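Printed here is data-v3.pdb (PDB, C-alpha atoms, pLDDT in the B column):
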ATOM      1  CA  MET A   1       1.046   3.770 -30.452  1.00 82.00           C
ATOM      2  CA  ASP A   2       1.058   7.502 -29.959  1.00 90.00           C
ATOM      3  CA  ALA A   3       1.363   9.102 -26.501  1.00 91.00           C
ATOM      4  CA  SER A   4      -2.385   9.329 -25.890  1.00 92.00           C
ATOM      5  CA  GLU A   5      -2.870   5.654 -26.851  1.00 94.00           C
ATOM      6  CA  VAL A   6      -0.089   4.668 -24.463  1.00 95.00           C
ATOM      7  CA  GLN A   7      -1.717   6.718 -21.715  1.00 94.00           C
ATOM      8  CA  GLU A   8      -5.099   5.098 -22.422  1.00 96.00           C
ATOM      9  CA  LEU A   9      -3.574   1.605 -22.400  1.00 97.00           C
ATOM     10  CA  ASP A  10      -1.783   2.259 -19.115  1.00 97.00           C
ATOM     11  CA  ARG A  11      -5.003   3.484 -17.577  1.00 96.00           C
ATOM     12  CA  ALA A  12      -6.857   0.354 -18.760  1.00 97.00           C
ATOM     13  CA  VAL A  13      -4.112  -1.866 -17.331  1.00 98.00           C
ATOM     14  CA  ARG A  14      -4.128   0.007 -14.032  1.00 97.00           C
ATOM     15  CA  LEU A  15      -7.895  -0.202 -13.707  1.00 98.00           C
ATOM     16  CA  HIS A  16      -7.920  -3.898 -14.582  1.00 98.00           C
ATOM     17  CA  VAL A  17      -5.186  -4.743 -12.072  1.00 98.00           C
ATOM     18  CA  PHE A  18      -6.635  -2.792  -9.160  1.00 98.00           C
ATOM     19  CA  ARG A  19     -10.303  -3.583  -9.781  1.00 98.00           C
ATOM     20  CA  ARG A  20      -9.541  -7.278 -10.256  1.00 98.00           C
ATOM     21  CA  ALA A  21      -7.529  -7.308  -7.018  1.00 98.00           C
ATOM     22  CA  ALA A  22     -10.394  -5.523  -5.241  1.00 98.00           C
ATOM     23  CA  ASP A  23     -13.038  -7.882  -6.643  1.00 98.00           C
ATOM     24  CA  THR A  24     -11.199 -11.154  -6.055  1.00 97.00           C
ATOM     25  CA  GLY A  25      -8.433 -10.598  -3.499  1.00 97.00           C
ATOM     26  CA  VAL A  26      -5.943 -11.824  -6.106  1.00 97.00           C
ATOM     27  CA  VAL A  27      -3.595  -9.455  -7.944  1.00 98.00           C
ATOM     28  CA  PRO A  28      -3.751 -10.449 -11.651  1.00 98.00           C
ATOM     29  CA  GLN A  29      -0.505 -11.152 -13.485  1.00 97.00           C
ATOM     30  CA  LEU A  30       0.818 -10.531 -16.987  1.00 96.00           C
ATOM     31  CA  PRO A  31      -0.802 -13.394 -18.974  1.00 96.00           C
ATOM     32  CA  GLU A  32      -4.222 -12.825 -17.367  1.00 97.00           C
ATOM     33  CA  ILE A  33      -4.084  -9.068 -17.934  1.00 98.00           C
ATOM     34  CA  ALA A  34      -3.065  -9.532 -21.579  1.00 98.00           C
ATOM     35  CA  SER A  35      -5.882 -11.988 -22.117  1.00 98.00           C
ATOM     36  CA  ALA A  36      -8.485  -9.830 -20.360  1.00 98.00           C
ATOM     37  CA  LEU A  37      -7.521  -6.732 -22.362  1.00 98.00           C
ATOM     38  CA  ALA A  38      -6.976  -8.671 -25.609  1.00 98.00           C
ATOM     39  CA  GLN A  39      -3.459  -7.300 -25.987  1.00 97.00           C
ATOM     40  CA  PRO A  40      -0.126  -9.012 -26.735  1.00 97.00           C
ATOM     41  CA  VAL A  41       1.852  -9.992 -23.633  1.00 97.00           C
ATOM     42  CA  GLU A  42       4.728  -7.718 -24.771  1.00 97.00           C
ATOM     43  CA  THR A  43       2.397  -4.709 -24.878  1.00 97.00           C
ATOM     44  CA  ILE A  44       1.150  -5.351 -21.346  1.00 97.00           C
ATOM     45  CA  ASP A  45       4.679  -6.058 -20.121  1.00 97.00           C
ATOM     46  CA  ALA A  46       5.769  -2.617 -21.360  1.00 97.00           C
ATOM     47  CA  SER A  47       2.713  -1.017 -19.753  1.00 97.00           C
ATOM     48  CA  LEU A  48       3.430  -2.676 -16.375  1.00 97.00           C
ATOM     49  CA  ARG A  49       7.000  -1.381 -16.537  1.00 96.00           C
ATOM     50  CA  ARG A  50       5.749   2.163 -17.170  1.00 97.00           C
ATOM     51  CA  LEU A  51       3.299   1.857 -14.266  1.00 96.00           C
ATOM     52  CA  ALA A  52       6.125   0.618 -12.039  1.00 95.00           C
ATOM     53  CA  GLU A  53       8.306   3.497 -13.214  1.00 94.00           C
ATOM     54  CA  GLY A  54       5.482   5.846 -12.224  1.00 92.00           C
ATOM     55  CA  ARG A  55       5.259   4.120  -8.801  1.00 91.00           C
ATOM     56  CA  VAL A  56       1.662   3.071  -9.390  1.00 94.00           C
ATOM     57  CA  LEU A  57       2.622  -0.546  -8.647  1.00 96.00           C
ATOM     58  CA  VAL A  58       5.781  -2.520  -7.863  1.00 95.00           C
ATOM     59  CA  LEU A  59       7.199  -5.396  -9.910  1.00 96.00           C
ATOM     60  CA  ALA A  60       9.132  -8.270  -8.352  1.00 94.00           C
ATOM     61  CA  PRO A  61      12.887  -7.602  -8.653  1.00 90.00           C
ATOM     62  CA  GLY A  62      14.113  -8.561 -12.119  1.00 83.00           C
ATOM     63  CA  ALA A  63      10.720  -9.828 -13.230  1.00 82.00           C
ATOM     64  CA  SER A  64       7.482  -8.779 -14.906  1.00 82.00           C
ATOM     65  CA  SER A  65       5.296 -10.159 -12.156  1.00 94.00           C
ATOM     66  CA  ILE A  66       3.440  -7.686  -9.971  1.00 97.00           C
ATOM     67  CA  TRP A  67       4.621  -7.798  -6.352  1.00 96.00           C
ATOM     68  CA  MET A  68       2.578  -4.909  -4.978  1.00 96.00           C
ATOM     69  CA  ALA A  69      -0.452  -3.211  -6.458  1.00 97.00           C
ATOM     70  CA  ASN A  70      -0.558  -0.971  -3.405  1.00 96.00           C
ATOM     71  CA  PRO A  71      -2.387  -1.393  -1.130  1.00 97.00           C
ATOM     72  CA  PHE A  72      -2.761  -4.999  -2.339  1.00 98.00           C
ATOM     73  CA  SER A  73       0.063  -7.517  -2.029  1.00 97.00           C
ATOM     74  CA  ALA A  74       0.280 -10.259  -4.652  1.00 97.00           C
ATOM     75  CA  VAL A  75       1.760 -12.605  -2.053  1.00 96.00           C
ATOM     76  CA  PRO A  76       0.664 -13.508   1.489  1.00 97.00           C
ATOM     77  CA  THR A  77       2.084 -11.223   4.166  1.00 96.00           C
ATOM     78  CA  ASP A  78       1.793 -10.623   7.926  1.00 96.00           C
ATOM     79  CA  PHE A  79      -1.010  -8.119   7.177  1.00 97.00           C
ATOM     80  CA  LYS A  80      -4.170 -10.060   6.463  1.00 98.00           C
ATOM     81  CA  VAL A  81      -7.353  -8.153   5.765  1.00 98.00           C
ATOM     82  CA  THR A  82     -10.894  -9.472   5.760  1.00 98.00           C
ATOM     83  CA  SER A  83     -13.415  -7.262   4.011  1.00 98.00           C
ATOM     84  CA  ARG A  84     -16.551  -7.802   1.917  1.00 97.00           C
ATOM     85  CA  GLY A  85     -16.319 -11.511   2.717  1.00 96.00           C
ATOM     86  CA  ARG A  86     -12.901 -11.861   1.073  1.00 97.00           C
ATOM     87  CA  THR A  87      -9.323 -12.212   2.267  1.00 98.00           C
ATOM     88  CA  TYR A  88      -6.667  -9.774   1.083  1.00 98.00           C
ATOM     89  CA  PHE A  89      -3.065  -9.099   2.030  1.00 98.00           C
ATOM     90  CA  GLY A  90      -1.560  -5.649   2.497  1.00 97.00           C
ATOM     91  CA  ASN A  91       2.122  -4.877   2.000  1.00 96.00           C
ATOM     92  CA  CYS A  92       2.462  -3.199   5.386  1.00 95.00           C
ATOM     93  CA  ILE A  93       0.162  -1.898   8.104  1.00 96.00           C
ATOM     94  CA  TRP A  94      -0.530   1.307   6.141  1.00 95.00           C
ATOM     95  CA  ASP A  95      -1.484  -0.698   3.058  1.00 96.00           C
ATOM     96  CA  ALA A  96      -3.521  -3.168   5.116  1.00 97.00           C
ATOM     97  CA  LEU A  97      -5.622  -0.248   6.341  1.00 97.00           C
ATOM     98  CA  GLY A  98      -5.652   0.995   2.742  1.00 97.00           C
ATOM     99  CA  ILE A  99      -7.660  -2.047   1.682  1.00 98.00           C
ATOM    100  CA  PRO A 100     -10.898  -1.100   3.506  1.00 98.00           C
ATOM    101  CA  ALA A 101     -10.122   2.450   2.325  1.00 97.00           C
ATOM    102  CA  ILE A 102      -9.851   1.564  -1.364  1.00 97.00           C
ATOM    103  CA  LEU A 103     -12.880  -0.748  -1.098  1.00 97.00           C
ATOM    104  CA  GLY A 104     -14.931   1.842   0.791  1.00 96.00           C
ATOM    105  CA  ALA A 105     -15.928  -0.949   3.172  1.00 97.00           C
ATOM    106  CA  ASP A 106     -15.566  -2.123   6.740  1.00 98.00           C
ATOM    107  CA  GLY A 107     -12.709  -4.512   7.411  1.00 97.00           C
ATOM    108  CA  LEU A 108     -10.620  -6.401   9.911  1.00 98.00           C
ATOM    109  CA  VAL A 109      -6.849  -6.098   9.790  1.00 98.00           C
ATOM    110  CA  ASP A 110      -5.047  -8.999  11.445  1.00 98.00           C
ATOM    111  CA  ALA A 111      -1.366  -8.230  11.812  1.00 97.00           C
ATOM    112  CA  LEU A 112       1.541  -9.475  13.897  1.00 97.00           C
ATOM    113  CA  CYS A 113       3.621  -7.315  16.202  1.00 97.00           C
ATOM    114  CA  GLY A 114       6.785  -6.527  14.236  1.00 96.00           C
ATOM    115  CA  ASP A 115       8.863  -7.422  17.290  1.00 97.00           C
ATOM    116  CA  CYS A 116       7.289 -10.351  19.131  1.00 97.00           C
ATOM    117  CA  ARG A 117       4.867 -11.510  16.399  1.00 97.00           C
ATOM    118  CA  GLU A 118       1.911 -11.599  18.755  1.00 97.00           C
ATOM    119  CA  PRO A 119      -1.362 -11.280  16.786  1.00 98.00           C
ATOM    120  CA  MET A 120      -2.894  -7.802  16.790  1.00 98.00           C
ATOM    121  CA  ARG A 121      -6.115  -6.535  15.263  1.00 97.00           C
ATOM    122  CA  ILE A 122      -7.427  -3.212  13.969  1.00 97.00           C
ATOM    123  CA  GLU A 123     -11.094  -2.979  13.107  1.00 98.00           C
ATOM    124  CA  VAL A 124     -12.393  -0.509  10.530  1.00 97.00           C
ATOM    125  CA  ARG A 125     -16.096   0.126  10.850  1.00 97.00           C
ATOM    126  CA  GLY A 126     -18.416   2.890   9.742  1.00 95.00           C
ATOM    127  CA  GLY A 127     -15.573   5.152   8.642  1.00 93.00           C
ATOM    128  CA  GLY A 128     -13.680   4.907  11.941  1.00 94.00           C
ATOM    129  CA  SER A 129     -11.125   2.512  13.342  1.00 96.00           C
ATOM    130  CA  ARG A 130     -10.410   0.797  16.613  1.00 95.00           C
ATOM    131  CA  GLY A 131      -7.212  -0.966  17.501  1.00 95.00           C
ATOM    132  CA  GLU A 132      -4.248  -1.189  19.778  1.00 92.00           C
ATOM    133  CA  GLY A 133      -0.556  -0.638  19.302  1.00 97.00           C
ATOM    134  CA  ILE A 134       1.732   1.859  17.613  1.00 97.00           C
ATOM    135  CA  VAL A 135       2.530   2.141  13.912  1.00 97.00           C
ATOM    136  CA  HIS A 136       6.243   2.654  13.265  1.00 96.00           C
ATOM    137  CA  PHE A 137       7.841   3.919  10.050  1.00 94.00           C
ATOM    138  CA  ALA A 138      11.527   2.973  10.043  1.00 90.00           C
ATOM    139  CA  VAL A 139      12.395   4.888   6.876  1.00 85.00           C
ATOM    140  CA  PRO A 140      12.030   8.659   6.456  1.00 82.00           C
ATOM    141  CA  ALA A 141       9.429   9.619   3.826  1.00 80.00           C
ATOM    142  CA  LYS A 142      12.020  10.965   1.406  1.00 81.00           C
ATOM    143  CA  ARG A 143      13.671   7.534   1.196  1.00 78.00           C
ATOM    144  CA  TRP A 144      10.591   5.286   1.011  1.00 76.00           C
ATOM    145  CA  TRP A 145      11.182   4.409  -2.630  1.00 74.00           C
ATOM    146  CA  VAL A 146      14.916   3.737  -2.287  1.00 69.00           C
ATOM    147  CA  ASN A 147      13.972   0.217  -1.155  1.00 73.00           C
ATOM    148  CA  ILE A 148      10.201  -0.028  -1.151  1.00 71.00           C
ATOM    149  CA  GLY A 149      10.343  -3.687  -0.100  1.00 72.00           C
ATOM    150  CA  PHE A 150      12.069  -2.791   3.184  1.00 70.00           C
ATOM    151  CA  THR A 151       9.956   0.349   3.638  1.00 68.00           C
TER     152      THR A 151
ATOM    153  CA  MET B   1       5.596   0.192   8.155  1.00 90.00           C
ATOM    154  CA  LEU B   2       4.931  -2.207  10.981  1.00 95.00           C
ATOM    155  CA  LEU B   3       2.541  -2.427  13.896  1.00 97.00           C
ATOM    156  CA  PHE B   4       3.997  -2.890  17.383  1.00 98.00           C
ATOM    157  CA  ARG B   5       2.472  -3.652  20.749  1.00 97.00           C
ATOM    158  CA  SER B   6       4.299  -0.792  22.507  1.00 97.00           C
ATOM    159  CA  GLU B   7       7.248   1.622  22.429  1.00 97.00           C
ATOM    160  CA  GLU B   8       9.325  -1.063  24.146  1.00 98.00           C
ATOM    161  CA  HIS B   9       8.727  -3.430  21.227  1.00 98.00           C
ATOM    162  CA  ILE B  10       9.678  -0.683  18.740  1.00 97.00           C
ATOM    163  CA  ALA B  11      12.894  -0.009  20.675  1.00 97.00           C
ATOM    164  CA  ARG B  12      13.802  -3.706  20.673  1.00 97.00           C
ATOM    165  CA  TRP B  13      13.098  -4.059  16.932  1.00 96.00           C
ATOM    166  CA  CYS B  14      15.235  -0.978  16.130  1.00 96.00           C
ATOM    167  CA  ALA B  15      18.078  -2.087  18.421  1.00 97.00           C
ATOM    168  CA  ARG B  16      18.270  -5.510  16.774  1.00 96.00           C
ATOM    169  CA  ARG B  17      18.685  -3.829  13.378  1.00 94.00           C
ATOM    170  CA  GLU B  18      20.884  -1.014  14.665  1.00 95.00           C
ATOM    171  CA  LEU B  19      18.376   1.474  13.314  1.00 93.00           C
ATOM    172  CA  PRO B  20      17.295   4.722  14.936  1.00 94.00           C
ATOM    173  CA  ARG B  21      13.691   4.993  16.057  1.00 94.00           C
ATOM    174  CA  GLY B  22      11.701   6.300  13.090  1.00 94.00           C
ATOM    175  CA  GLY B  23       8.312   7.997  12.907  1.00 93.00           C
ATOM    176  CA  THR B  24       5.281   6.731  14.782  1.00 95.00           C
ATOM    177  CA  MET B  25       1.534   7.217  14.676  1.00 94.00           C
ATOM    178  CA  THR B  26      -1.547   5.751  16.268  1.00 95.00           C
ATOM    179  CA  PRO B  27      -3.600   3.136  14.422  1.00 96.00           C
ATOM    180  CA  GLU B  28      -6.325   5.797  14.049  1.00 95.00           C
ATOM    181  CA  GLN B  29      -3.858   8.181  12.358  1.00 94.00           C
ATOM    182  CA  ALA B  30      -2.703   5.318  10.129  1.00 95.00           C
ATOM    183  CA  TRP B  31      -6.310   4.602   9.163  1.00 97.00           C
ATOM    184  CA  ARG B  32      -6.910   8.249   8.317  1.00 96.00           C
ATOM    185  CA  LEU B  33      -3.672   8.298   6.319  1.00 95.00           C
ATOM    186  CA  ALA B  34      -4.703   5.128   4.463  1.00 96.00           C
ATOM    187  CA  ARG B  35      -8.098   6.620   3.665  1.00 96.00           C
ATOM    188  CA  ALA B  36      -6.585   9.852   2.366  1.00 94.00           C
ATOM    189  CA  TRP B  37      -4.057   7.872   0.331  1.00 93.00           C
ATOM    190  CA  TYR B  38      -6.076   5.080  -1.214  1.00 94.00           C
ATOM    191  CA  ALA B  39      -9.713   6.154  -1.479  1.00 90.00           C
ATOM    192  CA  GLY B  40     -10.432   6.645  -5.171  1.00 92.00           C
ATOM    193  CA  LYS B  41      -7.608   4.478  -6.520  1.00 94.00           C
ATOM    194  CA  LEU B  42     -10.146   2.249  -8.296  1.00 96.00           C
ATOM    195  CA  GLU B  43     -11.494   5.233 -10.246  1.00 95.00           C
ATOM    196  CA  ALA B  44     -10.505   6.075 -13.817  1.00 93.00           C
ATOM    197  CA  ASP B  45      -9.434   9.615 -12.961  1.00 93.00           C
ATOM    198  CA  TRP B  46      -7.171   8.641 -10.036  1.00 93.00           C
ATOM    199  CA  ARG B  47      -3.587   9.938 -10.137  1.00 90.00           C
ATOM    200  CA  ARG B  48      -0.647   9.765  -7.747  1.00 90.00           C
ATOM    201  CA  LYS B  49      -0.409  12.579  -5.275  1.00 91.00           C
ATOM    202  CA  THR B  50       2.327  15.127  -5.855  1.00 91.00           C
ATOM    203  CA  ALA B  51       4.935  15.553  -3.119  1.00 89.00           C
ATOM    204  CA  GLU B  52       3.186  18.774  -2.068  1.00 92.00           C
ATOM    205  CA  GLU B  53      -0.197  17.055  -1.835  1.00 92.00           C
ATOM    206  CA  ALA B  54       1.267  14.129   0.102  1.00 91.00           C
ATOM    207  CA  GLU B  55       2.995  16.442   2.578  1.00 91.00           C
ATOM    208  CA  ALA B  56      -0.289  18.301   3.031  1.00 92.00           C
ATOM    209  CA  VAL B  57      -1.951  14.995   3.961  1.00 92.00           C
ATOM    210  CA  PHE B  58       0.799  14.266   6.498  1.00 91.00           C
ATOM    211  CA  ALA B  59       0.485  17.757   7.976  1.00 92.00           C
ATOM    212  CA  GLU B  60      -3.305  17.419   8.341  1.00 93.00           C
ATOM    213  CA  LEU B  61      -2.683  14.280  10.400  1.00 92.00           C
ATOM    214  CA  GLY B  62      -0.148  16.045  12.587  1.00 91.00           C
ATOM    215  CA  LEU B  63       2.810  14.311  10.925  1.00 90.00           C
ATOM    216  CA  THR B  64       5.254  17.165  10.694  1.00 89.00           C
ATOM    217  CA  GLY B  65       9.023  17.534  10.855  1.00 88.00           C
ATOM    218  CA  SER B  66      11.827  16.439   8.583  1.00 88.00           C
ATOM    219  CA  PHE B  67      10.963  12.732   8.884  1.00 88.00           C
ATOM    220  CA  TRP B  68       7.780  13.338   6.882  1.00 90.00           C
ATOM    221  CA  ASN B  69       9.293  15.607   4.219  1.00 86.00           C
ATOM    222  CA  LEU B  70       9.256  14.176   0.720  1.00 86.00           C
ATOM    223  CA  ARG B  71      11.474  16.824  -0.884  1.00 84.00           C
TER     224      ARG B  71
END

What is this structure when it is put down as structure tokens?
Amino acid sequence: MDASEVQELDRAVRLHVFRRAADTGVVPQLPEIASALAQPVETIDASLRRLAEGRVLVLAPGASSIWMANPFSAVPTDFKVTSRGRTYFGNCIWDALGIPAILGADGLVDALCGDCREPMRIEVRGGGSRGEGIVHFAVPAKRWWVNIGFT
Amino acid sequence: MLLFRSEEHIARWCARRELPRGGTMTPEQAWRLARAWYAGKLEADWRRKTAEEAEAVFAELGLTGSFWNLR
């Protein structure tokens, strides 16, 4: 593949991953992506690694499985989002709010207080939001990608 | 990035981890940040923001100071 074909493949993989996650609430994984795009698993594996390198998504440590297709989480988290009649999970409170944003839809974010784990809710409706609490970023912006899991 | 009930809960969480208090914003600021960050990511022509563009988004939301610098 030449550089433009690689770029085109990576774009197709990105669009499949994010649109599938948006449409179903489930982040697709390597075998499903390869099948959907009619490409060998090795080709898609390499593409996912390039997308991870470019910080478009995050792979599970030491694996080819997608952990975060930000804002979507591939695994259940403390940041549950209900939107368009589906359930999604965000990676953090920013990403949870990113789900109604990426969908262009209203949504309910049900999170837990990071300290006491009491349930908290932020409602996104009609382009605005309503909710209680304070969002805290523990890691300075410059270091977010040093350990994106902790961030 | 976590949501907390109050400053007291943030302080307790940081103390348990021996971390300094980081940056904070209101849920409304976080929503506006999320919208600026993620709207359009399902489109074919989406691309990651550059550090300059990201810092401009932070500044528009009033998130200024070294904590929000990406460079």

Target residues per the PyMOL selection byres ((chain B and resi 55-62) around 10), formatted as a list in words: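 Evaluating the PyMOL selection byres ((chain B and resi 55-62) around 10) on this file yields Ala141 of chain A; Met25, Glu28, Gln29, Ala30, Arg32, Leu33, Ala36, Trp37, Lys49, Thr50, Ala51, Glu52, Glu53, Ala54, Leu63, Thr64, Gly65, Trp68, Asn69, Leu70 and Arg71 of chain B.
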
Selection result for the PyMOL selection byres ((chain A and resi 15) around 12) on this file, as an MDAnalysis selection string: (chainID A and resid 8:14 16:23 27:28 33 36:37 48 51 56:57 69) or (chainID B and resid 40:47)

Atoms to include: C-alpha atoms. Write the selected residues as an mmCIF file, keeping the file's coordinate frame.
data_model
loop_
_atom_site.group_PDB
_atom_site.id
_atom_site.type_symbol
_atom_site.label_atom_id
_atom_site.label_comp_id
_atom_site.auth_asym_id
_atom_site.auth_seq_id
_atom_site.Cartn_x
_atom_site.Cartn_y
_atom_site.Cartn_z
ATOM 1 C CA GLU A 8 -5.099 5.098 -22.422
ATOM 2 C CA LEU A 9 -3.574 1.605 -22.400
ATOM 3 C CA ASP A 10 -1.783 2.259 -19.115
ATOM 4 C CA ARG A 11 -5.003 3.484 -17.577
ATOM 5 C CA ALA A 12 -6.857 0.354 -18.760
ATOM 6 C CA VAL A 13 -4.112 -1.866 -17.331
ATOM 7 C CA ARG A 14 -4.128 0.007 -14.032
ATOM 8 C CA HIS A 16 -7.920 -3.898 -14.582
ATOM 9 C CA VAL A 17 -5.186 -4.743 -12.072
ATOM 10 C CA PHE A 18 -6.635 -2.792 -9.160
ATOM 11 C CA ARG A 19 -10.303 -3.583 -9.781
ATOM 12 C CA ARG A 20 -9.541 -7.278 -10.256
ATOM 13 C CA ALA A 21 -7.529 -7.308 -7.018
ATOM 14 C CA ALA A 22 -10.394 -5.523 -5.241
ATOM 15 C CA ASP A 23 -13.038 -7.882 -6.643
ATOM 16 C CA VAL A 27 -3.595 -9.455 -7.944
ATOM 17 C CA PRO A 28 -3.751 -10.449 -11.651
ATOM 18 C CA ILE A 33 -4.084 -9.068 -17.934
ATOM 19 C CA ALA A 36 -8.485 -9.830 -20.360
ATOM 20 C CA LEU A 37 -7.521 -6.732 -22.362
ATOM 21 C CA LEU A 48 3.430 -2.676 -16.375
ATOM 22 C CA LEU A 51 3.299 1.857 -14.266
ATOM 23 C CA VAL A 56 1.662 3.071 -9.390
ATOM 24 C CA LEU A 57 2.622 -0.546 -8.647
ATOM 25 C CA ALA A 69 -0.452 -3.211 -6.458
ATOM 26 C CA GLY B 40 -10.432 6.645 -5.171
ATOM 27 C CA LYS B 41 -7.608 4.478 -6.520
ATOM 28 C CA LEU B 42 -10.146 2.249 -8.296
ATOM 29 C CA GLU B 43 -11.494 5.233 -10.246
ATOM 30 C CA ALA B 44 -10.505 6.075 -13.817
ATOM 31 C CA ASP B 45 -9.434 9.615 -12.961
ATOM 32 C CA TRP B 46 -7.171 8.641 -10.036
ATOM 33 C CA ARG B 47 -3.587 9.938 -10.137
#

Target residues per the PyMOL selection byres ((chain A and resi 122) around 9), formatted as an MDAnalysis selection string: (chainID A and resid 97 107:111 120:121 123:124 129:132) or (chainID B and resid 27)

Write the residues of the preceding selection, restricted to C-alpha atoms, as a PDB file, in the coordinates of the input.
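Output saved as again.pdb:
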ATOM      1  CA  LEU A  97      -5.622  -0.248   6.341  1.00 97.00           C
ATOM      2  CA  GLY A 107     -12.709  -4.512   7.411  1.00 97.00           C
ATOM      3  CA  LEU A 108     -10.620  -6.401   9.911  1.00 98.00           C
ATOM      4  CA  VAL A 109      -6.849  -6.098   9.790  1.00 98.00           C
ATOM      5  CA  ASP A 110      -5.047  -8.999  11.445  1.00 98.00           C
ATOM      6  CA  ALA A 111      -1.366  -8.230  11.812  1.00 97.00           C
ATOM      7  CA  MET A 120      -2.894  -7.802  16.790  1.00 98.00           C
ATOM      8  CA  ARG A 121      -6.115  -6.535  15.263  1.00 97.00           C
ATOM      9  CA  GLU A 123     -11.094  -2.979  13.107  1.00 98.00           C
ATOM     10  CA  VAL A 124     -12.393  -0.509  10.530  1.00 97.00           C
ATOM     11  CA  SER A 129     -11.125   2.512  13.342  1.00 96.00           C
ATOM     12  CA  ARG A 130     -10.410   0.797  16.613  1.00 95.00           C
ATOM     13  CA  GLY A 131      -7.212  -0.966  17.501  1.00 95.00           C
ATOM     14  CA  GLU A 132      -4.248  -1.189  19.778  1.00 92.00           C
TER      15      GLU A 132
ATOM     16  CA  PRO B  27      -3.600   3.136  14.422  1.00 96.00           C
TER      17      PRO B  27
END

Residues of chain A within 6 Å of chain B: nearest atom pair and distance (Å, one decimal) for each, counting all atoms listed in the file, sorted by chain and number, as a Markdown table?
| residue | atom | partner | partner_atom | distance |
| --- | --- | --- | --- | --- |
| A:Cys92 | CA | B:Met1 | CA | 5.4 |
| A:Ile93 | CA | B:Leu2 | CA | 5.6 |
| A:Trp94 | CA | B:Ala34 | CA | 5.9 |
| A:Leu97 | CA | B:Trp31 | CA | 5.7 |
| A:Gly98 | CA | B:Ala34 | CA | 4.6 |
| A:Ala101 | CA | B:Arg35 | CA | 4.8 |
| A:Ile102 | CA | B:Ala39 | CA | 4.6 |
| A:Cys113 | CA | B:Phe4 | CA | 4.6 |
| A:Gly114 | CA | B:Phe4 | CA | 5.6 |
| A:Asp115 | CA | B:Trp13 | CA | 5.4 |
| A:Ser129 | CA | B:Glu28 | CA | 5.9 |
| A:Gly133 | CA | B:Arg5 | CA | 4.5 |
| A:Ile134 | CA | B:Thr26 | CA | 5.3 |
| A:Val135 | CA | B:Leu3 | CA | 4.6 |
| A:His136 | CA | B:Thr24 | CA | 4.5 |
| A:Phe137 | CA | B:Met1 | CA | 4.7 |
| A:Ala138 | CA | B:Gly22 | CA | 4.5 |
| A:Pro140 | CA | B:Phe67 | CA | 4.9 |
| A:Ala141 | CA | B:Trp68 | CA | 5.1 |
| A:Lys142 | CA | B:Leu70 | CA | 4.3 |

Pick from A:Thr43, A:Ser65, A:Thr24, A:Asn91, whichever lies nearest to Thr77 in chain A using only C-alpha atoms: A:Asn91

Coordinates-based distance that separates CA of Trp67 in chain A from CA of Ser4 in chain A (Å, one decimal):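 A separation of 26.9 Å between them.
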
Range 24-34 of chain A, all listed atoms, 4 Å padding on each side: what axis-aligned box centre and edge lengths in Å to one decimal come out, as JSON?
{"center_x": -5.2, "center_y": -11.2, "center_z": -12.5, "size_x": 20.0, "size_y": 12.3, "size_z": 26.1}

For CA of Tyr88 in chain A and CA of Gly104 in chain A, the interatomic separation in Å (one decimal):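 Rounded to one decimal, the two atoms are 14.3 Å apart.
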
Of the listed residues A:Glu5, A:Asp78, A:Glu32, A:Glu53, that which approaches Pro119 in chain A most closely, counting all atoms listed in the file: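 Using all atoms listed in the file, the shortest distance to Pro119 in chain A belongs to A:Asp78.
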
Identify the residues within 7 Å of coordinate (5.1, -9.3, -3.8) (same frame as the file), considering all atoms listed in the file, and give the answer as a short mmCIF file (atom, residue, chain, number, x, y, z; two decimals) with C-alpha atoms, in the coordinates of the input.
data_model
loop_
_atom_site.label_atom_id
_atom_site.label_comp_id
_atom_site.auth_asym_id
_atom_site.auth_seq_id
_atom_site.Cartn_x
_atom_site.Cartn_y
_atom_site.Cartn_z
CA ALA A 60 9.13 -8.27 -8.35
CA ILE A 66 3.44 -7.69 -9.97
CA TRP A 67 4.62 -7.80 -6.35
CA MET A 68 2.58 -4.91 -4.98
CA SER A 73 0.06 -7.52 -2.03
CA ALA A 74 0.28 -10.26 -4.65
CA VAL A 75 1.76 -12.60 -2.05
#

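Going from CA of Pro61 in chain A over to CA of Thr87 in chain A, you cover 25.2 Å.
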